[in-house]
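> The following block contains the structure, expressed as structure tokens.
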Amino acid sequence: MCPSPINAFMFCGALLKSRAGIVLFLLTTLLLCARPAQADALPGLGTAPETPDGNALPQNVETALTALLRAVPAGRPVPDAATLTPLLEYVRSGVASAEVRLQKRDQGAGAFTLATLRAPLQRVVRYYFDPSIPGEAIFPNSVRRHYWLPGSQILTRNIQLWKRLENLNSSEPPLVVRGAEYEEITPDTFSGSYYSYTLDRLVILLQFQERATVISVTRQRGPSGVGRKGAILGKDSGWNYVYSKIEGSNLKLAGWASTYLYDSANVTIFYEPKPGAQTTDMAMFKYLRAGWANMNMVKSSHIAGGAKRFLDGLRQVLESPRLPKAEAVAEQARRLDAMDADALRAALAPYNAALNTWSGADSVLSSSDFKKLLEGNTYTMQLTPEEMRSELIKQFMKQQLGRPQLAAPAGAGR
């Protein structure tokens with residue numbers, strides 16, 4: 001449940017548009033591989049800037065971020081109030097902006113995002129952290145599948161974080177919850193690749209300056225699975241995607257590349273602008289390292305673009321006046337869990353019929369990889385029950401929010 005890594009390979013795509021670009025790319029690769037490691041790079045801390053940077057994050061804020069990222073693995077101590085205070089004061093101060101530059105870390109380049117959600121904190125936390133609500137229902141254009149893994153404290157201790165917000169007390173220690181999650185993202189808007197991985201998560205609930213605050217920290221547990229080819233049907237805001245099992249990307253001259261998300265980390269802070277506010281402020285510090293042959297192709301601008309995509313989808317859900325009650329979403333998820341593969345496939349029949357009309361709709365869907373996939377019942381037959389449930393819960397959310405289901409592309413049948 002974090003901003004998914006979008007447009008990670010835009011840098012290489014620009015180079016690969018011509019033969020000269022390919023040569024330049026290969027030369028750049030050799031130079032990158034030959035460059036010695038930075039002597040001042042400290043594991044987990046980041047690379048010290050060579051010159052003073054007026055847009056750099058204050059060092060005590062970087063120190064707090066380092067402490068939070070180091071605290072994610074089970075058994076690690078959580079930062080104390082003195083360490084966290086500069087970070088919490090900074091995001092609330094109004095000084096921070098999108099121009100702020102983060103130090104590079106082992107997890108890659110970073111980007112900072114500030115946003116306001118037109119929803120109270122309790123609603124945000126309920127939908128964001130309720131394990132009975134699939135993540136794909138709340139993050140429709142970023143996540144294909146998301147769920148907490150067995151053994152996570154939010155499951156074993158039945159912790160309802162949204163209820164704990166009601167009784168926060170600054171005189172008591174913060175509530176600390178740890179766990180792990182499986183996440184599979186939607187196709188990248190540039191390359192069409194999608195990935196799956198495991199995240200370790202640390203959640204801290206506390207009261208800071210008389211306002212409820214939630215700190216959520218994730219670290220990726222090892223490299224992702226290899227990137228596979230997917231596609232966006234129409235506009236990304238329609239939440240319609242197809243997923244093949246084929247490794248690679250949709251980039252014409254780099255479709256062969258075996259790409260991975262090598263590492264990622266995220267620190268997100270949710271807080272009330274004032275006690276009892278009907279809006280929630282949100283600060284995100286996101287880091288990502290991705291590419292192929294163990295080379296990072298991600299820039300801060302790509303991460304910022306991914307954060308915007310994530311927020312666009314989240315707002316479409318949490319800010320909607322038609323948002324169904326959390327209990328209704330959880331109940332629908334339970335109904336889908338009780339359905340077998342045949343019943344799920346039957347429920348997807350109208351969706352499959354709509355998919356057939358997209359075969360050959362654009363240059364990507366005209367390729368042999370997708371054209372065959374979108375004919376007959378091929379697509380739904382290759383989906384697992386879990387993948388079918390993922391699609392059906394998104395269709396349920398579209399219906400509840402008054403958003404259109406997948407239709408034939410413009411000009412189909414002419």
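In the structure tokens, the first chain shown is A, the next is B, and so on; residue numbers restart at 1 for each chain, and ligands run from 1 in the order shown.
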Among region 171-323 of chain A, which ones does DSSP place in strand (DSSP E or B), written as a ChimeraX atom specification?

/A:175-185,193-194,196-208,211-220,228-232,241-247,260-271,280-292,295-296

> One decimal, Å: what's the distance from CA of Asn167 (chain A) over to CA of Ser93 (chain A), could you say?

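That distance, rounded to one decimal, is 25.3 Å.
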
> A:Gln395, A:Glu99, A:Ala111, A:Asn60: which is nearest Ala304 (chain A), counting only C-alpha atoms?

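Closest to Ala304 (chain A), using only C-alpha atoms: A:Ala111.
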
> Could you check the closest approach to Val72 (chain A) for each of A:Ser224, A:Thr213, A:Asn266, A:Asn169 and tell me which residue wins, using only C-alpha atoms?

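Closest residue, counting only C-alpha atoms: A:Asn266.
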
> Go through A:Gln107, A:Gln153, A:Ser249, A:Thr380 one by one, measure the shortest atom-to-atom distance of each to Ala290 (chain A) using only C-alpha atoms, and give the residue with the smallest value.

A:Gln107
